[in-house]
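Visitor: Below you'll find target.cif; it's mmCIF, C-alpha atoms.
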data_entry
loop_
_atom_site.label_atom_id
_atom_site.label_comp_id
_atom_site.auth_asym_id
_atom_site.auth_seq_id
_atom_site.Cartn_x
_atom_site.Cartn_y
_atom_site.Cartn_z
CA MET A 1 -32.33 30.57 -42.84
CA ARG A 2 -35.60 29.82 -41.03
CA ASP A 3 -38.41 32.34 -40.46
CA ILE A 4 -40.09 32.56 -37.05
CA SER A 5 -42.99 34.97 -36.70
CA CYS A 6 -43.41 37.50 -33.93
CA ASP A 7 -47.00 36.30 -33.47
CA ASP A 8 -45.74 32.78 -32.65
CA ILE A 9 -43.20 34.24 -30.24
CA SER A 10 -45.85 36.34 -28.44
CA GLU A 11 -48.20 33.36 -28.19
CA THR A 12 -45.44 31.19 -26.76
CA VAL A 13 -44.37 33.76 -24.18
CA ALA A 14 -47.97 34.30 -23.07
CA ARG A 15 -48.45 30.57 -22.56
CA LEU A 16 -45.18 30.20 -20.66
CA CYS A 17 -46.04 33.10 -18.34
CA ILE A 18 -49.21 31.30 -17.29
CA GLU A 19 -47.68 27.84 -17.05
CA ALA A 20 -44.70 29.05 -15.03
CA ASN A 21 -46.98 30.71 -12.49
CA TYR A 22 -49.45 27.82 -12.23
CA TYR A 23 -47.36 24.65 -12.46
CA LEU A 24 -44.44 23.96 -10.17
CA GLY A 25 -41.78 21.81 -11.83
CA ASP A 26 -41.47 18.14 -10.96
CA ASP A 27 -37.84 18.73 -9.93
CA VAL A 28 -38.93 21.26 -7.31
CA ILE A 29 -41.70 19.02 -6.00
CA GLU A 30 -39.29 16.11 -5.64
CA ALA A 31 -36.80 18.36 -3.84
CA LEU A 32 -39.52 19.48 -1.41
CA ARG A 33 -40.49 15.86 -0.79
CA ARG A 34 -36.89 14.92 -0.03
CA ALA A 35 -36.64 17.89 2.30
CA ARG A 36 -39.84 16.82 4.07
CA ALA A 37 -38.41 13.34 4.63
CA ASP A 38 -35.18 14.78 6.09
CA GLU A 39 -36.64 17.64 8.14
CA ILE A 40 -36.61 17.05 11.90
CA SER A 41 -38.45 20.18 13.00
CA PRO A 42 -42.21 19.55 13.43
CA VAL A 43 -42.95 23.14 12.38
CA GLY A 44 -40.64 22.76 9.40
CA GLN A 45 -42.37 19.52 8.43
CA ASP A 46 -45.75 21.24 8.57
CA VAL A 47 -44.53 24.12 6.40
CA LEU A 48 -43.16 21.73 3.78
CA ASP A 49 -46.45 19.84 3.77
CA GLN A 50 -48.27 23.11 3.12
CA LEU A 51 -45.93 24.01 0.27
CA LEU A 52 -46.55 20.64 -1.38
CA ASP A 53 -50.31 21.03 -0.90
CA ASN A 54 -50.14 24.51 -2.39
CA ALA A 55 -48.53 23.15 -5.55
CA VAL A 56 -51.35 20.63 -5.95
CA VAL A 57 -54.07 23.25 -5.46
CA ALA A 58 -52.43 25.66 -7.92
CA ARG A 59 -52.18 22.96 -10.61
CA GLU A 60 -55.69 21.56 -10.11
CA GLU A 61 -57.48 24.89 -9.73
CA GLY A 62 -55.49 26.86 -12.29
CA LEU A 63 -54.25 29.41 -9.76
CA PRO A 64 -50.92 31.19 -9.28
CA LEU A 65 -48.54 29.41 -6.94
CA CYS A 66 -47.91 32.72 -5.18
CA GLN A 67 -49.59 36.10 -5.08
CA ASP A 68 -46.28 37.61 -6.18
CA THR A 69 -46.24 36.58 -9.84
CA GLY A 70 -42.94 38.33 -10.32
CA LEU A 71 -41.00 40.46 -12.69
CA THR A 72 -40.84 38.53 -15.96
CA VAL A 73 -37.30 37.58 -16.90
CA VAL A 74 -36.96 36.07 -20.39
CA PHE A 75 -33.92 34.19 -21.62
CA LEU A 76 -33.60 33.83 -25.40
CA ALA A 77 -31.24 31.47 -27.20
CA VAL A 78 -31.54 32.63 -30.80
CA GLY A 79 -30.13 30.39 -33.49
CA GLN A 80 -27.89 32.29 -35.89
CA GLU A 81 -29.89 30.84 -38.79
CA VAL A 82 -33.18 32.29 -37.44
CA HIS A 83 -34.91 35.21 -39.13
CA VAL A 84 -37.55 36.87 -36.93
CA VAL A 85 -40.32 38.20 -39.16
CA GLY A 86 -43.45 40.29 -38.69
CA GLY A 87 -42.18 42.79 -36.17
CA ASP A 88 -39.62 43.53 -33.47
CA LEU A 89 -38.40 40.59 -31.34
CA TYR A 90 -38.39 42.46 -28.02
CA GLN A 91 -41.79 44.00 -28.70
CA ALA A 92 -43.10 40.51 -29.41
CA ILE A 93 -41.73 39.29 -26.07
CA ASN A 94 -43.40 42.14 -24.19
CA GLU A 95 -46.68 41.59 -26.05
CA GLY A 96 -46.56 37.98 -24.88
CA VAL A 97 -45.98 39.06 -21.29
CA ARG A 98 -48.87 41.52 -21.58
CA ARG A 99 -51.24 38.83 -22.85
CA GLY A 100 -50.09 36.16 -20.42
CA TYR A 101 -50.51 38.32 -17.35
CA ASP A 102 -53.93 39.45 -18.52
CA GLU A 103 -55.27 36.06 -19.62
CA GLY A 104 -53.80 34.27 -16.61
CA TYR A 105 -55.13 36.80 -14.07
CA LEU A 106 -51.60 37.32 -12.80
CA ARG A 107 -50.66 40.22 -10.57
CA LYS A 108 -49.01 43.13 -12.36
CA SER A 109 -46.04 44.21 -10.26
CA ILE A 110 -43.87 46.43 -12.46
CA VAL A 111 -43.47 50.15 -11.82
CA GLU A 112 -41.84 52.80 -13.98
CA GLY A 113 -39.98 55.75 -12.50
CA PRO A 114 -38.36 53.37 -10.00
CA PHE A 115 -36.92 56.08 -7.71
CA SER A 116 -39.66 58.66 -8.16
CA ALA A 117 -43.26 58.23 -9.31
CA ARG A 118 -43.30 54.41 -9.25
CA HIS A 119 -46.38 54.21 -11.47
CA ASN A 120 -47.58 50.66 -12.16
CA THR A 121 -47.31 49.84 -15.87
CA LYS A 122 -50.48 47.73 -15.42
CA ASP A 123 -49.41 44.89 -17.72
CA ASN A 124 -46.19 43.62 -16.08
CA THR A 125 -44.04 44.97 -18.89
CA PRO A 126 -41.33 45.60 -19.74
CA ALA A 127 -39.72 42.22 -19.25
CA VAL A 128 -36.03 41.86 -18.49
CA ILE A 129 -34.63 40.11 -21.56
CA HIS A 130 -31.32 38.29 -21.91
CA CYS A 131 -30.47 37.26 -25.47
CA GLN A 132 -27.77 34.84 -26.58
CA ILE A 133 -26.87 33.99 -30.18
CA VAL A 134 -26.24 30.26 -30.65
CA PRO A 135 -25.71 27.89 -33.60
CA GLY A 136 -28.78 26.46 -35.32
CA ASP A 137 -32.16 27.50 -36.67
CA SER A 138 -34.37 27.40 -33.58
CA LEU A 139 -35.40 29.91 -30.93
CA GLU A 140 -35.43 28.76 -27.31
CA VAL A 141 -37.52 30.83 -24.92
CA THR A 142 -37.32 30.50 -21.14
CA VAL A 143 -39.71 32.54 -18.99
CA VAL A 144 -38.78 33.13 -15.35
CA PRO A 145 -41.21 35.04 -13.09
CA LYS A 146 -38.93 36.37 -10.34
CA GLY A 147 -40.55 37.42 -7.09
CA GLY A 148 -39.46 40.52 -5.21
CA GLY A 149 -38.80 38.82 -1.88
CA SER A 150 -36.09 36.55 -3.24
CA GLU A 151 -34.69 39.02 -5.79
CA ASN A 152 -34.24 41.65 -3.08
CA MET A 153 -31.80 39.33 -1.29
CA SER A 154 -29.33 39.36 -4.20
CA ALA A 155 -25.76 40.29 -3.39
CA LEU A 156 -22.49 40.97 -5.18
CA GLY A 157 -19.08 40.66 -3.56
CA MET A 158 -15.91 41.80 -5.30
CA LEU A 159 -13.58 39.59 -3.28
CA LYS A 160 -9.81 39.62 -3.32
CA PRO A 161 -8.19 36.69 -5.14
CA ALA A 162 -6.49 35.81 -1.84
CA ASP A 163 -9.92 35.18 -0.30
CA GLY A 164 -10.07 32.06 -2.46
CA ARG A 165 -12.50 29.17 -2.13
CA GLN A 166 -13.18 29.73 1.56
CA GLY A 167 -14.00 33.36 0.87
CA VAL A 168 -16.64 32.25 -1.63
CA VAL A 169 -18.21 29.86 0.90
CA ASP A 170 -18.19 32.50 3.63
CA PHE A 171 -19.70 35.20 1.40
CA VAL A 172 -22.59 33.00 0.26
CA ALA A 173 -23.31 31.78 3.80
CA ARG A 174 -23.32 35.34 5.17
CA THR A 175 -25.67 36.44 2.39
CA VAL A 176 -28.13 33.65 3.16
CA GLU A 177 -27.90 34.34 6.89
CA ARG A 178 -28.63 38.05 6.40
CA ALA A 179 -31.57 37.20 4.14
CA GLY A 180 -33.20 35.12 6.85
CA ALA A 181 -36.86 34.46 6.11
CA ASN A 182 -37.17 37.22 3.48
CA PRO A 183 -36.69 35.03 0.37
CA CYS A 184 -39.31 32.50 1.59
CA PRO A 185 -37.09 29.50 2.30
CA PRO A 186 -36.39 26.76 1.53
CA THR A 187 -34.53 28.46 -1.29
CA ILE A 188 -32.43 27.49 -4.24
CA VAL A 189 -29.22 29.50 -3.93
CA GLY A 190 -27.75 30.58 -7.26
CA VAL A 191 -24.07 31.52 -7.19
CA GLY A 192 -21.92 33.05 -9.93
CA VAL A 193 -18.16 33.11 -9.54
CA GLY A 194 -15.82 34.92 -11.92
CA GLY A 195 -16.13 37.10 -14.98
CA THR A 196 -16.96 40.73 -14.24
CA ALA A 197 -19.52 42.16 -11.82
CA GLU A 198 -22.41 41.93 -14.29
CA LYS A 199 -21.29 38.52 -15.60
CA ALA A 200 -21.21 37.06 -12.10
CA MET A 201 -24.74 38.31 -11.44
CA LEU A 202 -25.99 36.77 -14.67
CA LEU A 203 -24.25 33.48 -13.89
CA ALA A 204 -25.96 33.38 -10.51
CA LYS A 205 -29.38 33.88 -12.08
CA THR A 206 -28.91 31.42 -14.93
CA SER A 207 -27.73 28.76 -12.47
CA LEU A 208 -31.28 28.72 -11.10
CA LEU A 209 -32.54 27.31 -14.42
CA ARG A 210 -30.76 24.02 -13.75
CA PRO A 211 -32.98 21.19 -12.40
CA VAL A 212 -33.02 21.55 -8.62
CA GLY A 213 -30.12 19.70 -7.06
CA GLN A 214 -28.49 18.72 -10.36
CA PRO A 215 -24.77 19.08 -9.62
CA SER A 216 -22.30 20.93 -11.77
CA PRO A 217 -20.55 18.67 -14.29
CA ASP A 218 -17.25 20.02 -12.97
CA PRO A 219 -16.25 17.88 -9.93
CA GLY A 220 -14.57 20.77 -8.14
CA VAL A 221 -17.58 23.03 -8.58
CA ALA A 222 -19.94 20.23 -7.55
CA GLN A 223 -17.98 19.79 -4.31
CA LEU A 224 -18.19 23.55 -3.71
CA GLU A 225 -21.98 23.34 -4.13
CA ARG A 226 -22.18 20.55 -1.55
CA ASP A 227 -19.98 22.41 0.92
CA ILE A 228 -21.99 25.64 0.63
CA LEU A 229 -25.30 23.75 0.97
CA GLU A 230 -24.09 22.03 4.14
CA ARG A 231 -22.95 25.35 5.60
CA VAL A 232 -26.22 27.08 4.69
CA ASN A 233 -28.41 24.34 6.15
CA ARG A 234 -26.48 24.51 9.42
CA LEU A 235 -27.75 28.08 9.86
CA GLY A 236 -31.05 26.75 11.23
CA ILE A 237 -33.24 29.27 9.41
CA GLY A 238 -35.48 26.48 8.15
CA PRO A 239 -38.67 26.46 6.08
CA GLN A 240 -40.21 29.94 5.98
CA GLY A 241 -37.67 31.03 8.59
CA LEU A 242 -39.35 29.06 11.37
CA GLY A 243 -36.38 26.84 12.18
CA GLY A 244 -35.15 23.51 10.94
CA ARG A 245 -32.45 21.95 8.82
CA THR A 246 -33.94 22.85 5.41
CA THR A 247 -32.90 26.42 4.70
CA ALA A 248 -31.98 25.63 1.08
CA LEU A 249 -33.02 22.84 -1.24
CA ALA A 250 -29.91 23.22 -3.36
CA VAL A 251 -26.95 25.42 -4.21
CA HIS A 252 -26.11 25.87 -7.89
CA VAL A 253 -22.75 27.40 -8.84
CA GLU A 254 -21.68 28.61 -12.29
CA THR A 255 -18.20 29.93 -12.99
CA HIS A 256 -16.36 31.97 -15.62
CA PRO A 257 -12.70 32.98 -15.99
CA CYS A 258 -11.88 36.35 -14.45
CA HIS A 259 -9.17 39.00 -14.26
CA ILE A 260 -6.02 38.21 -12.26
CA ALA A 261 -6.91 41.00 -9.80
CA SER A 262 -10.54 39.97 -9.28
CA LEU A 263 -12.76 37.38 -7.63
CA PRO A 264 -16.38 38.44 -8.22
CA VAL A 265 -19.01 36.40 -6.36
CA ALA A 266 -22.74 36.91 -6.88
CA VAL A 267 -25.71 35.39 -5.11
CA ASN A 268 -29.23 35.25 -6.54
CA MET A 269 -31.74 33.37 -4.44
CA GLN A 270 -34.93 31.73 -5.62
CA CYS A 271 -37.79 31.09 -3.25
CA HIS A 272 -39.33 27.64 -2.77
CA SER A 273 -41.69 28.48 -5.65
CA SER A 274 -38.96 28.12 -8.28
CA ARG A 275 -40.86 29.01 -11.43
CA HIS A 276 -39.62 28.77 -14.99
CA LYS A 277 -40.91 27.22 -18.21
CA GLN A 278 -39.21 26.73 -21.56
CA ALA A 279 -40.24 26.20 -25.17
CA THR A 280 -38.40 25.86 -28.46
CA LEU A 281 -39.71 27.33 -31.71
#
Taking this structure as input, can you express it in the form of structure tokens?
Guide:
Amino acid sequence: MRDISCDDISETVARLCIEANYYLGDDVIEALRRARADEISPVGQDVLDQLLDNAVVAREEGLPLCQDTGLTVVFLAVGQEVHVVGGDLYQAINEGVRRGYDEGYLRKSIVEGPFSARHNTKDNTPAVIHCQIVPGDSLEVTVVPKGGGSENMSALGMLKPADGRQGVVDFVARTVERAGANPCPPTIVGVGVGGTAEKAMLLAKTSLLRPVGQPSPDPGVAQLERDILERVNRLGIGPQGLGGRTTALAVHVETHPCHIASLPVAVNMQCHSSRHKQATL
């Protein structure tokens, strides 16, 4: 059994909140560069140039990549040999979010009373926390600031099994088409197929943590990703919705076995500012 203190957890979460909002991952930058090389629309090329410039300015000046610094989603992989000491794990996570958004001068975007008063909590808490118990004696923390524009374009389809593979492709393409410019393309399109309704949604979101463009290790799923990406980029929405061939940088699909009567399909889109940072304690 290994002790990990709540203070260390809070400190780590605070740091990751800032780093995720300031520093765009190398995988995303490389994907944007590839898109710039392939884009044929002059307007689309200019938009991609601006996105790349924005990433440089944010890193060099210590500024958020986007004014929408997101709802903080935290994924925890807790080793079964870990003993969290000195407080409550979830309170420690939220204390880290509170500190990070204050110290990093990040916009606080969370409201309580979502269908009524909608009062801002003024510290970006509470976070949305997903916790998984895994073998080992370490604690892996992944912080994902999720902007409202892309999150609002999420969709869940409870398809019929007879809809099959083509039904999955069609549903994702229709979802991206309806979203248009709202999720700030070029996007990374996260897709979850199988499980139950809530499992499919979680699969779609966790797929976005994969390095951009890294294919599924399953050959059949990898081919599905390529086919959906081709279909999506034929829509012509383009960078920031201004036209072009780069509507999405990648499509990531995760799957899970499901009931014989079901074919759940979920879509969770990430904007071009695909922000997440990870640390292991």
Visitor: If you apply the PyMOL selection byres ((chain A and resi 55) around 12) to this file, what residues do you get, as a ChimeraX atom specification?
Guide: /A:20-26,28-30,32-33,48-54,56-66,272-275
Visitor: To one decimal place, how far is atom CA of A:Val253 from atom CA of A:Pro186 in Å?
Guide: 17.1 Å
Visitor: How far is it from atom CA of A:Gly87 to atom CA of A:Pro135, in Å with one decimal?
Guide: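 Between these atoms lies a distance of 22.4 Å.
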Visitor: Which residues are near A:Cys131? Cut-off 8 Å, all atoms listed in the file, ignore same chain within fewer than 4 positions. Put them as a list in words.
Guide: Phe75, Leu76, Ala77 and Val78 of chain A
Visitor: Using the chain letters and numbering of this document, enumerate as number ranges by chain the residues selected by the PyMOL selection byres ((chain A and resi 108) around 10).
Guide: A: 68-71, 98, 101-102, 105-107, 109-111, 120-125
Visitor: Keeping C-alpha atoms, export the residues of the selection given above as a PDB file, in the coordinates of the input.
Guide:
ATOM      1  CA  ASP A  68     -46.280  37.610  -6.180  1.00  0.00           C
ATOM      2  CA  THR A  69     -46.240  36.580  -9.840  1.00  0.00           C
ATOM      3  CA  GLY A  70     -42.940  38.330 -10.320  1.00  0.00           C
ATOM      4  CA  LEU A  71     -41.000  40.460 -12.690  1.00  0.00           C
ATOM      5  CA  ARG A  98     -48.870  41.520 -21.580  1.00  0.00           C
ATOM      6  CA  TYR A 101     -50.510  38.320 -17.350  1.00  0.00           C
ATOM      7  CA  ASP A 102     -53.930  39.450 -18.520  1.00  0.00           C
ATOM      8  CA  TYR A 105     -55.130  36.800 -14.070  1.00  0.00           C
ATOM      9  CA  LEU A 106     -51.600  37.320 -12.800  1.00  0.00           C
ATOM     10  CA  ARG A 107     -50.660  40.220 -10.570  1.00  0.00           C
ATOM     11  CA  SER A 109     -46.040  44.210 -10.260  1.00  0.00           C
ATOM     12  CA  ILE A 110     -43.870  46.430 -12.460  1.00  0.00           C
ATOM     13  CA  VAL A 111     -43.470  50.150 -11.820  1.00  0.00           C
ATOM     14  CA  ASN A 120     -47.580  50.660 -12.160  1.00  0.00           C
ATOM     15  CA  THR A 121     -47.310  49.840 -15.870  1.00  0.00           C
ATOM     16  CA  LYS A 122     -50.480  47.730 -15.420  1.00  0.00           C
ATOM     17  CA  ASP A 123     -49.410  44.890 -17.720  1.00  0.00           C
ATOM     18  CA  ASN A 124     -46.190  43.620 -16.080  1.00  0.00           C
ATOM     19  CA  THR A 125     -44.040  44.970 -18.890  1.00  0.00           C
TER      20      THR A 125
END
Visitor: Spell out the residues picked by the PyMOL selection byres ((chain A and resi 160) around 12) here, as an MDAnalysis selection string.
Guide: chainID A and resid 157:159 161:168 171 194 258:265
Visitor: Using all atoms listed in the file, which of the listed residues (A:Leu224, A:Ala31, A:Leu242, A:Leu208) sits closest to A:Val47?
Guide: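 Nearest candidate to A:Val47 out of A:Leu224, A:Ala31, A:Leu242, A:Leu208: A:Leu242.
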Visitor: Place N, CA and C atoms on stretch 168-183 of chain A and deliver the coordinates as a PDB file, in the coordinates of the input.
Guide:
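Okay, part11.pdb is ready:
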ATOM      1  N   VAL A 168     -15.387  32.453  -0.902  1.00  0.00           N
ATOM      2  CA  VAL A 168     -16.640  32.250  -1.630  1.00  0.00           C
ATOM      3  C   VAL A 168     -17.681  31.612  -0.716  1.00  0.00           C
ATOM      4  N   VAL A 169     -17.292  30.546  -0.018  1.00  0.00           N
ATOM      5  CA  VAL A 169     -18.210  29.860   0.900  1.00  0.00           C
ATOM      6  C   VAL A 169     -18.720  30.821   1.962  1.00  0.00           C
ATOM      7  N   ASP A 170     -17.815  31.583   2.555  1.00  0.00           N
ATOM      8  CA  ASP A 170     -18.190  32.500   3.630  1.00  0.00           C
ATOM      9  C   ASP A 170     -19.146  33.583   3.122  1.00  0.00           C
ATOM     10  N   PHE A 171     -18.853  34.126   1.934  1.00  0.00           N
ATOM     11  CA  PHE A 171     -19.700  35.200   1.400  1.00  0.00           C
ATOM     12  C   PHE A 171     -21.124  34.702   1.142  1.00  0.00           C
ATOM     13  N   VAL A 172     -21.248  33.538   0.544  1.00  0.00           N
ATOM     14  CA  VAL A 172     -22.590  33.000   0.260  1.00  0.00           C
ATOM     15  C   VAL A 172     -23.333  32.714   1.566  1.00  0.00           C
ATOM     16  N   ALA A 173     -22.657  32.100   2.526  1.00  0.00           N
ATOM     17  CA  ALA A 173     -23.310  31.780   3.800  1.00  0.00           C
ATOM     18  C   ALA A 173     -23.766  33.041   4.523  1.00  0.00           C
ATOM     19  N   ARG A 174     -22.928  34.076   4.518  1.00  0.00           N
ATOM     20  CA  ARG A 174     -23.320  35.340   5.170  1.00  0.00           C
ATOM     21  C   ARG A 174     -24.523  35.961   4.459  1.00  0.00           C
ATOM     22  N   THR A 175     -24.548  35.874   3.151  1.00  0.00           N
ATOM     23  CA  THR A 175     -25.670  36.440   2.390  1.00  0.00           C
ATOM     24  C   THR A 175     -26.964  35.733   2.739  1.00  0.00           C
ATOM     25  N   VAL A 176     -26.935  34.416   2.809  1.00  0.00           N
ATOM     26  CA  VAL A 176     -28.130  33.650   3.160  1.00  0.00           C
ATOM     27  C   VAL A 176     -28.556  33.948   4.595  1.00  0.00           C
ATOM     28  N   GLU A 177     -27.582  34.063   5.490  1.00  0.00           N
ATOM     29  CA  GLU A 177     -27.900  34.340   6.890  1.00  0.00           C
ATOM     30  C   GLU A 177     -28.567  35.708   7.031  1.00  0.00           C
ATOM     31  N   ARG A 178     -28.031  36.716   6.346  1.00  0.00           N
ATOM     32  CA  ARG A 178     -28.630  38.050   6.400  1.00  0.00           C
ATOM     33  C   ARG A 178     -30.041  38.056   5.804  1.00  0.00           C
ATOM     34  N   ALA A 179     -30.251  37.249   4.800  1.00  0.00           N
ATOM     35  CA  ALA A 179     -31.570  37.200   4.140  1.00  0.00           C
ATOM     36  C   ALA A 179     -32.627  36.643   5.077  1.00  0.00           C
ATOM     37  N   GLY A 180     -32.254  35.692   5.908  1.00  0.00           N
ATOM     38  CA  GLY A 180     -33.200  35.120   6.850  1.00  0.00           C
ATOM     39  C   GLY A 180     -34.427  34.547   6.171  1.00  0.00           C
ATOM     40  N   ALA A 181     -35.595  34.968   6.652  1.00  0.00           N
ATOM     41  CA  ALA A 181     -36.860  34.460   6.110  1.00  0.00           C
ATOM     42  C   ALA A 181     -37.331  35.237   4.885  1.00  0.00           C
ATOM     43  N   ASN A 182     -36.679  36.341   4.548  1.00  0.00           N
ATOM     44  CA  ASN A 182     -37.170  37.220   3.480  1.00  0.00           C
ATOM     45  C   ASN A 182     -37.374  36.538   2.131  1.00  0.00           C
ATOM     46  N   PRO A 183     -36.489  35.635   1.700  1.00  0.00           N
ATOM     47  CA  PRO A 183     -36.690  35.030   0.370  1.00  0.00           C
ATOM     48  C   PRO A 183     -37.612  33.808   0.385  1.00  0.00           C
TER      49      PRO A 183
END
